file entry38.cif (mmCIF, N, CA and C atoms and all ligand atoms)
data_protein
loop_
_atom_site.label_atom_id
_atom_site.label_comp_id
_atom_site.auth_asym_id
_atom_site.auth_seq_id
_atom_site.Cartn_x
_atom_site.Cartn_y
_atom_site.Cartn_z
N MET P 227 24.92 -13.15 -3.77
CA MET P 227 25.70 -12.42 -4.75
C MET P 227 24.81 -12.04 -5.94
N ILE P 228 24.94 -10.81 -6.39
CA ILE P 228 24.11 -10.35 -7.51
C ILE P 228 24.60 -11.00 -8.80
N ARG P 229 23.66 -11.54 -9.58
CA ARG P 229 23.99 -12.30 -10.79
C ARG P 229 23.72 -11.54 -12.08
N ARG P 230 22.59 -10.81 -12.09
CA ARG P 230 22.20 -10.16 -13.35
C ARG P 230 21.13 -9.12 -13.07
N LEU P 231 20.91 -8.27 -14.09
CA LEU P 231 19.80 -7.31 -14.01
C LEU P 231 18.54 -8.06 -14.42
N ASP P 232 17.65 -8.32 -13.48
CA ASP P 232 16.44 -9.08 -13.79
C ASP P 232 15.44 -8.24 -14.58
N HIS P 233 15.20 -7.02 -14.11
CA HIS P 233 14.30 -6.15 -14.87
C HIS P 233 14.48 -4.68 -14.52
N ILE P 234 14.01 -3.84 -15.42
CA ILE P 234 13.90 -2.40 -15.19
C ILE P 234 12.41 -2.11 -15.15
N ALA P 235 11.95 -1.47 -14.07
CA ALA P 235 10.52 -1.24 -13.91
C ALA P 235 10.15 0.20 -14.26
N VAL P 236 9.03 0.32 -14.95
CA VAL P 236 8.52 1.61 -15.37
C VAL P 236 7.10 1.76 -14.82
N ALA P 237 6.85 2.84 -14.07
CA ALA P 237 5.51 3.08 -13.52
C ALA P 237 4.64 3.72 -14.59
N VAL P 238 3.45 3.16 -14.78
CA VAL P 238 2.55 3.66 -15.83
C VAL P 238 1.16 3.94 -15.27
N PRO P 239 0.59 5.10 -15.60
CA PRO P 239 -0.75 5.43 -15.11
C PRO P 239 -1.85 4.65 -15.84
N ASP P 240 -1.61 4.19 -17.06
CA ASP P 240 -2.62 3.46 -17.83
C ASP P 240 -1.94 2.19 -18.38
N LEU P 241 -2.19 1.06 -17.72
CA LEU P 241 -1.46 -0.18 -18.05
C LEU P 241 -1.78 -0.66 -19.47
N ALA P 242 -3.05 -0.66 -19.85
CA ALA P 242 -3.42 -1.16 -21.18
C ALA P 242 -2.78 -0.30 -22.27
N LYS P 243 -2.80 1.01 -22.06
CA LYS P 243 -2.20 1.92 -23.04
C LYS P 243 -0.69 1.69 -23.14
N ALA P 244 -0.03 1.50 -21.99
CA ALA P 244 1.41 1.29 -21.98
C ALA P 244 1.77 -0.05 -22.64
N ILE P 245 0.96 -1.09 -22.40
CA ILE P 245 1.20 -2.39 -23.04
C ILE P 245 1.14 -2.23 -24.55
N ARG P 246 0.14 -1.49 -25.03
CA ARG P 246 0.03 -1.27 -26.49
C ARG P 246 1.26 -0.55 -27.02
N LEU P 247 1.74 0.45 -26.26
CA LEU P 247 2.91 1.21 -26.69
C LEU P 247 4.14 0.31 -26.83
N TYR P 248 4.39 -0.52 -25.82
CA TYR P 248 5.58 -1.38 -25.86
C TYR P 248 5.45 -2.45 -26.94
N GLN P 249 4.20 -2.90 -27.20
CA GLN P 249 3.97 -3.90 -28.25
C GLN P 249 4.02 -3.27 -29.64
N ASP P 250 3.19 -2.25 -29.82
CA ASP P 250 2.98 -1.73 -31.18
C ASP P 250 4.10 -0.79 -31.62
N ASP P 251 4.52 0.11 -30.74
CA ASP P 251 5.54 1.09 -31.14
C ASP P 251 6.94 0.48 -31.08
N LEU P 252 7.24 -0.23 -29.98
CA LEU P 252 8.59 -0.75 -29.81
C LEU P 252 8.75 -2.18 -30.34
N GLY P 253 7.62 -2.83 -30.63
CA GLY P 253 7.68 -4.17 -31.22
C GLY P 253 8.11 -5.26 -30.26
N LEU P 254 7.96 -5.02 -28.96
CA LEU P 254 8.33 -6.05 -27.97
C LEU P 254 7.16 -7.00 -27.77
N THR P 255 7.46 -8.18 -27.21
CA THR P 255 6.43 -9.20 -27.01
C THR P 255 6.10 -9.30 -25.52
N LEU P 256 4.82 -9.16 -25.22
CA LEU P 256 4.35 -9.29 -23.83
C LEU P 256 4.49 -10.74 -23.40
N SER P 257 5.22 -11.00 -22.31
CA SER P 257 5.36 -12.39 -21.87
C SER P 257 4.31 -12.75 -20.83
N GLY P 258 3.64 -11.74 -20.27
CA GLY P 258 2.57 -12.04 -19.34
C GLY P 258 2.28 -10.87 -18.42
N THR P 259 1.13 -10.96 -17.75
CA THR P 259 0.78 -9.96 -16.74
C THR P 259 0.55 -10.70 -15.43
N GLU P 260 0.77 -10.02 -14.33
CA GLU P 260 0.59 -10.66 -13.03
C GLU P 260 0.26 -9.60 -11.99
N ASP P 261 -0.75 -9.89 -11.16
CA ASP P 261 -1.04 -9.02 -10.03
C ASP P 261 -0.22 -9.51 -8.83
N VAL P 262 0.38 -8.55 -8.11
CA VAL P 262 1.14 -8.89 -6.91
C VAL P 262 0.43 -8.22 -5.72
N PRO P 263 -0.53 -8.97 -5.12
CA PRO P 263 -1.39 -8.36 -4.08
C PRO P 263 -0.59 -7.81 -2.90
N THR P 264 0.54 -8.47 -2.54
CA THR P 264 1.31 -8.00 -1.37
C THR P 264 1.87 -6.60 -1.61
N GLU P 265 2.10 -6.24 -2.89
CA GLU P 265 2.61 -4.90 -3.21
C GLU P 265 1.50 -4.00 -3.80
N LYS P 266 0.26 -4.52 -3.85
CA LYS P 266 -0.85 -3.81 -4.48
C LYS P 266 -0.45 -3.28 -5.87
N THR P 267 0.18 -4.17 -6.65
CA THR P 267 0.71 -3.77 -7.94
C THR P 267 0.32 -4.76 -9.03
N SER P 268 -0.09 -4.22 -10.18
CA SER P 268 -0.29 -5.04 -11.38
C SER P 268 0.95 -4.88 -12.26
N THR P 269 1.43 -5.98 -12.82
CA THR P 269 2.66 -5.92 -13.60
C THR P 269 2.45 -6.52 -14.98
N ALA P 270 3.27 -6.09 -15.93
CA ALA P 270 3.31 -6.68 -17.27
C ALA P 270 4.77 -6.74 -17.67
N PHE P 271 5.19 -7.89 -18.22
CA PHE P 271 6.61 -8.09 -18.52
C PHE P 271 6.87 -8.20 -20.02
N PHE P 272 7.92 -7.51 -20.44
CA PHE P 272 8.39 -7.58 -21.82
C PHE P 272 9.87 -7.99 -21.82
N PRO P 273 10.16 -9.24 -22.20
CA PRO P 273 11.56 -9.66 -22.25
C PRO P 273 12.33 -8.87 -23.31
N VAL P 274 13.55 -8.47 -22.97
CA VAL P 274 14.48 -7.84 -23.90
C VAL P 274 15.84 -8.47 -23.63
N GLU P 275 16.36 -9.19 -24.59
CA GLU P 275 17.69 -9.83 -24.54
C GLU P 275 18.36 -9.83 -23.16
N GLY P 276 18.17 -10.86 -22.39
CA GLY P 276 18.89 -11.00 -21.13
C GLY P 276 18.24 -10.32 -19.94
N THR P 277 17.24 -9.48 -20.19
CA THR P 277 16.55 -8.83 -19.07
C THR P 277 15.09 -8.60 -19.47
N ARG P 278 14.38 -7.82 -18.71
CA ARG P 278 12.96 -7.57 -19.02
C ARG P 278 12.60 -6.14 -18.61
N ILE P 279 11.64 -5.60 -19.31
CA ILE P 279 10.99 -4.37 -18.85
C ILE P 279 9.75 -4.81 -18.08
N GLU P 280 9.57 -4.26 -16.87
CA GLU P 280 8.38 -4.56 -16.07
C GLU P 280 7.55 -3.28 -15.98
N LEU P 281 6.35 -3.30 -16.54
CA LEU P 281 5.46 -2.17 -16.34
C LEU P 281 4.76 -2.38 -15.00
N VAL P 282 4.74 -1.34 -14.16
CA VAL P 282 4.08 -1.47 -12.86
C VAL P 282 2.97 -0.42 -12.75
N HIS P 283 1.82 -0.90 -12.25
CA HIS P 283 0.61 -0.09 -12.20
C HIS P 283 -0.10 -0.39 -10.88
N PRO P 284 -0.66 0.64 -10.24
CA PRO P 284 -1.33 0.38 -8.95
C PRO P 284 -2.54 -0.54 -9.12
N MET P 285 -2.60 -1.61 -8.31
CA MET P 285 -3.77 -2.49 -8.29
C MET P 285 -4.89 -1.76 -7.57
N GLY P 286 -5.98 -1.47 -8.29
CA GLY P 286 -7.11 -0.78 -7.67
C GLY P 286 -6.76 0.64 -7.23
N GLY P 287 -5.79 1.25 -7.90
CA GLY P 287 -5.44 2.65 -7.63
C GLY P 287 -4.73 2.88 -6.30
N GLU P 288 -4.26 1.79 -5.68
CA GLU P 288 -3.68 1.93 -4.33
C GLU P 288 -2.19 1.61 -4.30
N GLY P 289 -1.66 1.58 -3.10
CA GLY P 289 -0.31 1.06 -2.87
C GLY P 289 0.80 2.02 -3.26
N PRO P 290 2.04 1.52 -3.18
CA PRO P 290 3.21 2.38 -3.40
C PRO P 290 3.28 2.97 -4.81
N ILE P 291 2.82 2.22 -5.82
CA ILE P 291 2.87 2.75 -7.19
C ILE P 291 1.83 3.87 -7.35
N GLY P 292 0.69 3.73 -6.69
CA GLY P 292 -0.33 4.78 -6.72
C GLY P 292 0.24 6.08 -6.17
N LYS P 293 0.93 5.98 -5.05
CA LYS P 293 1.53 7.18 -4.42
C LYS P 293 2.61 7.77 -5.32
N TYR P 294 3.41 6.90 -5.91
CA TYR P 294 4.49 7.35 -6.80
C TYR P 294 3.92 8.12 -7.99
N LEU P 295 2.87 7.58 -8.61
CA LEU P 295 2.28 8.24 -9.78
C LEU P 295 1.67 9.59 -9.41
N GLU P 296 1.02 9.64 -8.23
CA GLU P 296 0.44 10.90 -7.75
C GLU P 296 1.50 11.98 -7.62
N LYS P 297 2.64 11.58 -7.06
CA LYS P 297 3.71 12.54 -6.77
C LYS P 297 4.52 12.92 -8.00
N ARG P 298 4.81 11.93 -8.86
CA ARG P 298 5.79 12.15 -9.91
C ARG P 298 5.32 11.82 -11.31
N GLY P 299 4.12 11.23 -11.45
CA GLY P 299 3.67 10.80 -12.76
C GLY P 299 4.41 9.54 -13.19
N GLY P 300 4.18 9.10 -14.42
CA GLY P 300 4.83 7.89 -14.91
C GLY P 300 6.31 8.09 -15.11
N GLY P 301 7.06 7.00 -15.15
CA GLY P 301 8.50 7.10 -15.41
C GLY P 301 9.25 5.91 -14.86
N LEU P 302 10.58 5.98 -14.96
CA LEU P 302 11.42 4.90 -14.43
C LEU P 302 11.16 4.74 -12.94
N HIS P 303 10.98 3.50 -12.48
CA HIS P 303 10.61 3.28 -11.09
C HIS P 303 11.67 2.54 -10.28
N HIS P 304 12.14 1.39 -10.76
CA HIS P 304 13.21 0.72 -10.03
C HIS P 304 14.03 -0.21 -10.92
N LEU P 305 15.20 -0.58 -10.40
CA LEU P 305 16.04 -1.61 -10.99
C LEU P 305 15.93 -2.84 -10.12
N CYS P 306 15.82 -4.01 -10.75
CA CYS P 306 15.78 -5.25 -9.97
C CYS P 306 16.96 -6.13 -10.35
N PHE P 307 17.78 -6.46 -9.35
CA PHE P 307 18.90 -7.36 -9.55
C PHE P 307 18.53 -8.74 -9.01
N GLU P 308 18.86 -9.77 -9.80
CA GLU P 308 18.68 -11.14 -9.31
C GLU P 308 19.88 -11.53 -8.46
N THR P 309 19.59 -12.12 -7.32
CA THR P 309 20.65 -12.61 -6.45
C THR P 309 20.43 -14.10 -6.18
N ASP P 310 21.52 -14.82 -5.92
CA ASP P 310 21.36 -16.23 -5.57
C ASP P 310 21.40 -16.42 -4.05
N ASP P 311 21.51 -15.30 -3.32
CA ASP P 311 21.53 -15.37 -1.85
C ASP P 311 20.96 -14.08 -1.28
N LEU P 312 19.64 -13.98 -1.33
CA LEU P 312 18.97 -12.75 -0.93
C LEU P 312 19.30 -12.36 0.51
N ASP P 313 19.13 -13.30 1.43
CA ASP P 313 19.34 -12.97 2.85
C ASP P 313 20.79 -12.58 3.12
N GLY P 314 21.71 -13.28 2.46
CA GLY P 314 23.13 -12.96 2.62
C GLY P 314 23.44 -11.57 2.09
N ASP P 315 22.90 -11.23 0.92
CA ASP P 315 23.16 -9.91 0.33
C ASP P 315 22.55 -8.79 1.17
N VAL P 316 21.34 -9.04 1.69
CA VAL P 316 20.69 -8.02 2.53
C VAL P 316 21.54 -7.77 3.78
N ALA P 317 22.03 -8.85 4.38
CA ALA P 317 22.87 -8.70 5.59
C ALA P 317 24.15 -7.92 5.27
N THR P 318 24.77 -8.25 4.12
CA THR P 318 26.00 -7.56 3.71
C THR P 318 25.73 -6.07 3.48
N LEU P 319 24.64 -5.78 2.76
CA LEU P 319 24.32 -4.38 2.45
C LEU P 319 23.92 -3.61 3.70
N ARG P 320 23.18 -4.25 4.61
CA ARG P 320 22.81 -3.59 5.87
C ARG P 320 24.08 -3.21 6.64
N ALA P 321 25.07 -4.10 6.59
CA ALA P 321 26.34 -3.82 7.29
C ALA P 321 27.04 -2.62 6.66
N LYS P 322 26.76 -2.36 5.37
CA LYS P 322 27.34 -1.21 4.68
C LYS P 322 26.47 0.04 4.83
N GLY P 323 25.38 -0.08 5.60
CA GLY P 323 24.53 1.08 5.87
C GLY P 323 23.28 1.18 5.03
N TRP P 324 23.02 0.21 4.17
CA TRP P 324 21.81 0.25 3.35
C TRP P 324 20.57 0.09 4.22
N VAL P 325 19.51 0.80 3.82
CA VAL P 325 18.23 0.73 4.53
C VAL P 325 17.22 0.06 3.61
N PHE P 326 16.51 -0.94 4.13
CA PHE P 326 15.51 -1.65 3.33
C PHE P 326 14.11 -1.23 3.76
N LEU P 327 13.16 -1.32 2.81
CA LEU P 327 11.81 -0.83 3.06
C LEU P 327 10.97 -1.82 3.87
N SER P 328 11.46 -3.04 4.03
CA SER P 328 10.78 -3.98 4.91
C SER P 328 11.83 -4.76 5.67
N GLU P 329 11.41 -5.36 6.77
CA GLU P 329 12.35 -6.09 7.63
C GLU P 329 12.85 -7.34 6.88
N ALA P 330 11.90 -8.03 6.23
CA ALA P 330 12.24 -9.29 5.57
C ALA P 330 11.76 -9.27 4.12
N ALA P 331 12.22 -10.25 3.34
CA ALA P 331 11.78 -10.38 1.95
C ALA P 331 10.30 -10.77 1.90
N ARG P 332 9.67 -10.41 0.78
CA ARG P 332 8.25 -10.73 0.60
C ARG P 332 8.06 -11.43 -0.75
N PRO P 333 6.88 -12.05 -0.96
CA PRO P 333 6.64 -12.69 -2.25
C PRO P 333 6.46 -11.65 -3.36
N GLY P 334 7.16 -11.82 -4.47
CA GLY P 334 7.03 -10.93 -5.62
C GLY P 334 6.49 -11.70 -6.81
N ALA P 335 6.57 -11.08 -8.01
CA ALA P 335 6.10 -11.74 -9.23
C ALA P 335 6.95 -12.98 -9.50
N HIS P 336 6.40 -13.93 -10.25
CA HIS P 336 7.10 -15.15 -10.69
C HIS P 336 7.59 -16.00 -9.53
N GLY P 337 6.91 -15.92 -8.37
CA GLY P 337 7.28 -16.76 -7.24
C GLY P 337 8.61 -16.39 -6.60
N ALA P 338 9.12 -15.20 -6.93
CA ALA P 338 10.40 -14.76 -6.36
C ALA P 338 10.22 -14.26 -4.93
N ARG P 339 11.30 -14.26 -4.16
CA ARG P 339 11.33 -13.53 -2.88
C ARG P 339 12.02 -12.22 -3.19
N VAL P 340 11.38 -11.10 -2.77
CA VAL P 340 11.94 -9.79 -3.12
C VAL P 340 12.01 -8.88 -1.91
N ILE P 341 12.92 -7.90 -1.99
CA ILE P 341 12.99 -6.85 -0.98
C ILE P 341 13.46 -5.58 -1.69
N PHE P 342 12.99 -4.43 -1.22
CA PHE P 342 13.36 -3.16 -1.82
C PHE P 342 14.26 -2.36 -0.87
N ALA P 343 15.28 -1.74 -1.44
CA ALA P 343 16.16 -0.86 -0.67
C ALA P 343 15.72 0.59 -0.88
N HIS P 344 15.82 1.39 0.17
CA HIS P 344 15.47 2.81 0.06
C HIS P 344 16.38 3.49 -0.98
N PRO P 345 15.79 4.36 -1.83
CA PRO P 345 16.59 5.03 -2.86
C PRO P 345 17.82 5.76 -2.30
N ARG P 346 17.76 6.25 -1.06
CA ARG P 346 18.92 6.98 -0.54
C ARG P 346 20.13 6.05 -0.33
N SER P 347 19.87 4.74 -0.33
CA SER P 347 20.96 3.78 -0.20
C SER P 347 21.73 3.61 -1.51
N CYS P 348 21.12 4.02 -2.64
CA CYS P 348 21.75 3.76 -3.95
C CYS P 348 21.62 4.97 -4.87
N GLU P 349 22.10 6.12 -4.39
CA GLU P 349 22.18 7.32 -5.24
C GLU P 349 20.84 7.68 -5.88
N GLY P 350 19.77 7.55 -5.08
CA GLY P 350 18.46 8.00 -5.57
C GLY P 350 17.70 6.99 -6.41
N VAL P 351 18.24 5.77 -6.52
CA VAL P 351 17.56 4.74 -7.32
C VAL P 351 16.94 3.69 -6.39
N LEU P 352 15.64 3.45 -6.59
CA LEU P 352 14.99 2.37 -5.85
C LEU P 352 15.50 1.04 -6.40
N VAL P 353 16.03 0.20 -5.53
CA VAL P 353 16.63 -1.07 -5.96
C VAL P 353 15.85 -2.23 -5.34
N GLU P 354 15.48 -3.17 -6.20
CA GLU P 354 14.82 -4.41 -5.75
C GLU P 354 15.83 -5.55 -5.89
N LEU P 355 15.90 -6.38 -4.89
CA LEU P 355 16.69 -7.61 -4.99
C LEU P 355 15.70 -8.77 -5.04
N ALA P 356 15.92 -9.70 -5.96
CA ALA P 356 15.00 -10.83 -6.12
C ALA P 356 15.78 -12.14 -6.15
N GLU P 357 15.27 -13.09 -5.41
CA GLU P 357 15.81 -14.45 -5.47
C GLU P 357 14.72 -15.31 -6.09
N LEU P 358 15.03 -15.85 -7.27
CA LEU P 358 14.03 -16.62 -8.01
C LEU P 358 13.97 -18.03 -7.47
N PRO P 359 12.80 -18.68 -7.63
CA PRO P 359 12.70 -20.08 -7.19
C PRO P 359 13.73 -20.92 -7.96
N ARG P 360 14.29 -21.91 -7.32
CA ARG P 360 15.37 -22.72 -7.88
C ARG P 360 15.06 -23.28 -9.28
N ALA P 361 13.82 -23.76 -9.46
CA ALA P 361 13.43 -24.40 -10.71
C ALA P 361 13.61 -23.48 -11.92
N HIS P 362 13.52 -22.14 -11.69
CA HIS P 362 13.59 -21.19 -12.79
C HIS P 362 14.96 -20.59 -12.96
N SER P 363 15.87 -20.85 -12.01
CA SER P 363 17.16 -20.15 -12.11
C SER P 363 18.21 -21.03 -12.75
CO CO I 401 10.23 -5.21 -9.86
#

call {"tool": "encode", "arguments": {"input": "entry38.cif", "output": "structure tokens"}}
result
Amino acid sequence: MIRRLDHIAVAVPDLAKAIRLYQDDLGLTLSGTEDVPTEKTSTAFFPVEGTRIELVHPMGGEGPIGKYLEKRGGGLHHLCFETDDLDGDVATLRAKGWVFLSEAARPGAHGARVIFAHPRSCEGVLVELAELPRAHS
């Protein structure tokens, strides 16, 4: 069952520049950066009351974020909902016709298990479902 909006992800062509923008212009506090090799993505997180902004940048210029930036430039990339039952929710959504970008969940940032649904399943929005490790939830 979906519990909360974990983060809103923004694709950025220049991670250092975007971090400065969110820190200096918007006054947000960087909580950390993390590379997610399975997604070939570098991330930076800015907590905002109850949720977080996740900046996503291609690790080594590759991967899905690299392709996204090439096609569309920087901008809103995905919504991530936290669930307490990832496999159950995926099964329920598949039964409703949702299409996922991988067969099974994969390791994401912060030790979460994550899976992405195709944007056509959710009115053009790329949706990530994340199940956080028990110790953090
Ligand atoms: Co995400």

call {"tool": "residues_near_ligand", "arguments": {"input": "entry38.cif", "ligand": "ligand CO 401 (chain I)", "cutoff": "8 Å", "atoms": "all atoms listed in the file", "output": "list of chain:residue names"}}
result
P:Asp232, P:His233, P:Ile234, P:Ala235, P:Val236, P:Glu280, P:Leu281, P:Val282, P:His303, P:His304, P:Leu305, P:Cys306, P:Phe307, P:Gly334, P:Ala335, P:Val353, P:Glu354, P:Leu355

call {"tool": "select_by_dssp", "arguments": {"input": "entry38.cif", "residues": "chain P", "states": "helix (DSSP H, G or I)", "output": "mmCIF file with N, CA and C atoms, in the frame of the given file"}}
result
data_model
loop_
_atom_site.group_PDB
_atom_site.id
_atom_site.type_symbol
_atom_site.label_atom_id
_atom_site.label_comp_id
_atom_site.auth_asym_id
_atom_site.auth_seq_id
_atom_site.Cartn_x
_atom_site.Cartn_y
_atom_site.Cartn_z
ATOM 1 N N LEU P 241 -2.190 1.060 -17.720
ATOM 2 C CA LEU P 241 -1.460 -0.180 -18.050
ATOM 3 C C LEU P 241 -1.780 -0.660 -19.470
ATOM 4 N N ALA P 242 -3.050 -0.660 -19.850
ATOM 5 C CA ALA P 242 -3.420 -1.160 -21.180
ATOM 6 C C ALA P 242 -2.780 -0.300 -22.270
ATOM 7 N N LYS P 243 -2.800 1.010 -22.060
ATOM 8 C CA LYS P 243 -2.200 1.920 -23.040
ATOM 9 C C LYS P 243 -0.690 1.690 -23.140
ATOM 10 N N ALA P 244 -0.030 1.500 -21.990
ATOM 11 C CA ALA P 244 1.410 1.290 -21.980
ATOM 12 C C ALA P 244 1.770 -0.050 -22.640
ATOM 13 N N ILE P 245 0.960 -1.090 -22.400
ATOM 14 C CA ILE P 245 1.200 -2.390 -23.040
ATOM 15 C C ILE P 245 1.140 -2.230 -24.550
ATOM 16 N N ARG P 246 0.140 -1.490 -25.030
ATOM 17 C CA ARG P 246 0.030 -1.270 -26.490
ATOM 18 C C ARG P 246 1.260 -0.550 -27.020
ATOM 19 N N LEU P 247 1.740 0.450 -26.260
ATOM 20 C CA LEU P 247 2.910 1.210 -26.690
ATOM 21 C C LEU P 247 4.140 0.310 -26.830
ATOM 22 N N TYR P 248 4.390 -0.520 -25.820
ATOM 23 C CA TYR P 248 5.580 -1.380 -25.860
ATOM 24 C C TYR P 248 5.450 -2.450 -26.940
ATOM 25 N N GLN P 249 4.200 -2.900 -27.200
ATOM 26 C CA GLN P 249 3.970 -3.900 -28.250
ATOM 27 C C GLN P 249 4.020 -3.270 -29.640
ATOM 28 N N ASP P 250 3.190 -2.250 -29.820
ATOM 29 C CA ASP P 250 2.980 -1.730 -31.180
ATOM 30 C C ASP P 250 4.100 -0.790 -31.620
ATOM 31 N N ASP P 251 4.520 0.110 -30.740
ATOM 32 C CA ASP P 251 5.540 1.090 -31.140
ATOM 33 C C ASP P 251 6.940 0.480 -31.080
ATOM 34 N N PRO P 263 -0.530 -8.970 -5.120
ATOM 35 C CA PRO P 263 -1.390 -8.360 -4.080
ATOM 36 C C PRO P 263 -0.590 -7.810 -2.900
ATOM 37 N N THR P 264 0.540 -8.470 -2.540
ATOM 38 C CA THR P 264 1.310 -8.000 -1.370
ATOM 39 C C THR P 264 1.870 -6.600 -1.610
ATOM 40 N N GLU P 265 2.100 -6.240 -2.890
ATOM 41 C CA GLU P 265 2.610 -4.900 -3.210
ATOM 42 C C GLU P 265 1.500 -4.000 -3.800
ATOM 43 N N MET P 285 -2.600 -1.610 -8.310
ATOM 44 C CA MET P 285 -3.770 -2.490 -8.290
ATOM 45 C C MET P 285 -4.890 -1.760 -7.570
ATOM 46 N N GLY P 286 -5.980 -1.470 -8.290
ATOM 47 C CA GLY P 286 -7.110 -0.780 -7.670
ATOM 48 C C GLY P 286 -6.760 0.640 -7.230
ATOM 49 N N GLY P 287 -5.790 1.250 -7.900
ATOM 50 C CA GLY P 287 -5.440 2.650 -7.630
ATOM 51 C C GLY P 287 -4.730 2.880 -6.300
ATOM 52 N N GLY P 289 -1.660 1.580 -3.100
ATOM 53 C CA GLY P 289 -0.310 1.060 -2.870
ATOM 54 C C GLY P 289 0.800 2.020 -3.260
ATOM 55 N N PRO P 290 2.040 1.520 -3.180
ATOM 56 C CA PRO P 290 3.210 2.380 -3.400
ATOM 57 C C PRO P 290 3.280 2.970 -4.810
ATOM 58 N N ILE P 291 2.820 2.220 -5.820
ATOM 59 C CA ILE P 291 2.870 2.750 -7.190
ATOM 60 C C ILE P 291 1.830 3.870 -7.350
ATOM 61 N N GLY P 292 0.690 3.730 -6.690
ATOM 62 C CA GLY P 292 -0.330 4.780 -6.720
ATOM 63 C C GLY P 292 0.240 6.080 -6.170
ATOM 64 N N LYS P 293 0.930 5.980 -5.050
ATOM 65 C CA LYS P 293 1.530 7.180 -4.420
ATOM 66 C C LYS P 293 2.610 7.770 -5.320
ATOM 67 N N TYR P 294 3.410 6.900 -5.910
ATOM 68 C CA TYR P 294 4.490 7.350 -6.800
ATOM 69 C C TYR P 294 3.920 8.120 -7.990
ATOM 70 N N LEU P 295 2.870 7.580 -8.610
ATOM 71 C CA LEU P 295 2.280 8.240 -9.780
ATOM 72 C C LEU P 295 1.670 9.590 -9.410
ATOM 73 N N GLU P 296 1.020 9.640 -8.230
ATOM 74 C CA GLU P 296 0.440 10.900 -7.750
ATOM 75 C C GLU P 296 1.500 11.980 -7.620
ATOM 76 N N LYS P 297 2.640 11.580 -7.060
ATOM 77 C CA LYS P 297 3.710 12.540 -6.770
ATOM 78 C C LYS P 297 4.520 12.920 -8.000
ATOM 79 N N ARG P 298 4.810 11.930 -8.860
ATOM 80 C CA ARG P 298 5.790 12.150 -9.910
ATOM 81 C C ARG P 298 5.320 11.820 -11.310
ATOM 82 N N LEU P 312 19.640 -13.980 -1.330
ATOM 83 C CA LEU P 312 18.970 -12.750 -0.930
ATOM 84 C C LEU P 312 19.300 -12.360 0.510
ATOM 85 N N ASP P 313 19.130 -13.300 1.430
ATOM 86 C CA ASP P 313 19.340 -12.970 2.850
ATOM 87 C C ASP P 313 20.790 -12.580 3.120
ATOM 88 N N GLY P 314 21.710 -13.280 2.460
ATOM 89 C CA GLY P 314 23.130 -12.960 2.620
ATOM 90 C C GLY P 314 23.440 -11.570 2.090
ATOM 91 N N ASP P 315 22.900 -11.230 0.920
ATOM 92 C CA ASP P 315 23.160 -9.910 0.330
ATOM 93 C C ASP P 315 22.550 -8.790 1.170
ATOM 94 N N VAL P 316 21.340 -9.040 1.690
ATOM 95 C CA VAL P 316 20.690 -8.020 2.530
ATOM 96 C C VAL P 316 21.540 -7.770 3.780
ATOM 97 N N ALA P 317 22.030 -8.850 4.380
ATOM 98 C CA ALA P 317 22.870 -8.700 5.590
ATOM 99 C C ALA P 317 24.150 -7.920 5.270
ATOM 100 N N THR P 318 24.770 -8.250 4.120
ATOM 101 C CA THR P 318 26.000 -7.560 3.710
ATOM 102 C C THR P 318 25.730 -6.070 3.480
ATOM 103 N N LEU P 319 24.640 -5.780 2.760
ATOM 104 C CA LEU P 319 24.320 -4.380 2.450
ATOM 105 C C LEU P 319 23.920 -3.610 3.700
ATOM 106 N N ARG P 320 23.180 -4.250 4.610
ATOM 107 C CA ARG P 320 22.810 -3.590 5.870
ATOM 108 C C ARG P 320 24.080 -3.210 6.640
ATOM 109 N N ALA P 321 25.070 -4.100 6.590
ATOM 110 C CA ALA P 321 26.340 -3.820 7.290
ATOM 111 C C ALA P 321 27.040 -2.620 6.660
ATOM 112 N N ALA P 335 6.570 -11.080 -8.010
ATOM 113 C CA ALA P 335 6.100 -11.740 -9.230
ATOM 114 C C ALA P 335 6.950 -12.980 -9.500
ATOM 115 N N HIS P 336 6.400 -13.930 -10.250
ATOM 116 C CA HIS P 336 7.100 -15.150 -10.690
ATOM 117 C C HIS P 336 7.590 -16.000 -9.530
ATOM 118 N N GLY P 337 6.910 -15.920 -8.370
ATOM 119 C CA GLY P 337 7.280 -16.760 -7.240
ATOM 120 C C GLY P 337 8.610 -16.390 -6.600
ATOM 121 N N PRO P 345 15.790 4.360 -1.830
ATOM 122 C CA PRO P 345 16.590 5.030 -2.860
ATOM 123 C C PRO P 345 17.820 5.760 -2.300
ATOM 124 N N ARG P 346 17.760 6.250 -1.060
ATOM 125 C CA ARG P 346 18.920 6.980 -0.540
ATOM 126 C C ARG P 346 20.130 6.050 -0.330
ATOM 127 N N SER P 347 19.870 4.740 -0.330
ATOM 128 C CA SER P 347 20.960 3.780 -0.200
ATOM 129 C C SER P 347 21.730 3.610 -1.510
ATOM 130 N N CYS P 348 21.120 4.020 -2.640
ATOM 131 C CA CYS P 348 21.750 3.760 -3.950
ATOM 132 C C CYS P 348 21.620 4.970 -4.870
ATOM 133 N N ARG P 360 14.290 -21.910 -7.320
ATOM 134 C CA ARG P 360 15.370 -22.720 -7.880
ATOM 135 C C ARG P 360 15.060 -23.280 -9.280
ATOM 136 N N ALA P 361 13.820 -23.760 -9.460
ATOM 137 C CA ALA P 361 13.430 -24.400 -10.710
ATOM 138 C C ALA P 361 13.610 -23.480 -11.920
ATOM 139 N N HIS P 362 13.520 -22.140 -11.690
ATOM 140 C CA HIS P 362 13.590 -21.190 -12.790
ATOM 141 C C HIS P 362 14.960 -20.590 -12.960
#

call {"tool": "residues_around", "arguments": {"input": "entry38.cif", "residues": "Phe271 in chain P", "least_positions_apart": "3", "cutoff": "6.5 Å", "atoms": "only N, CA and C atoms", "output": "PyMOL selection string"}}
result
chain P and resi 255-260+278-281

call {"tool": "residues_around", "arguments": {"input": "entry38.cif", "residues": "range 328-332 of chain P", "least_positions_apart": "2", "cutoff": "7 Å", "atoms": "all atoms listed in the file", "output": "list in words"}}
result
Val325, Phe326, Gly334, Ala338, Arg339, Val340, Ile341, Phe342 and Ala343 of chain P
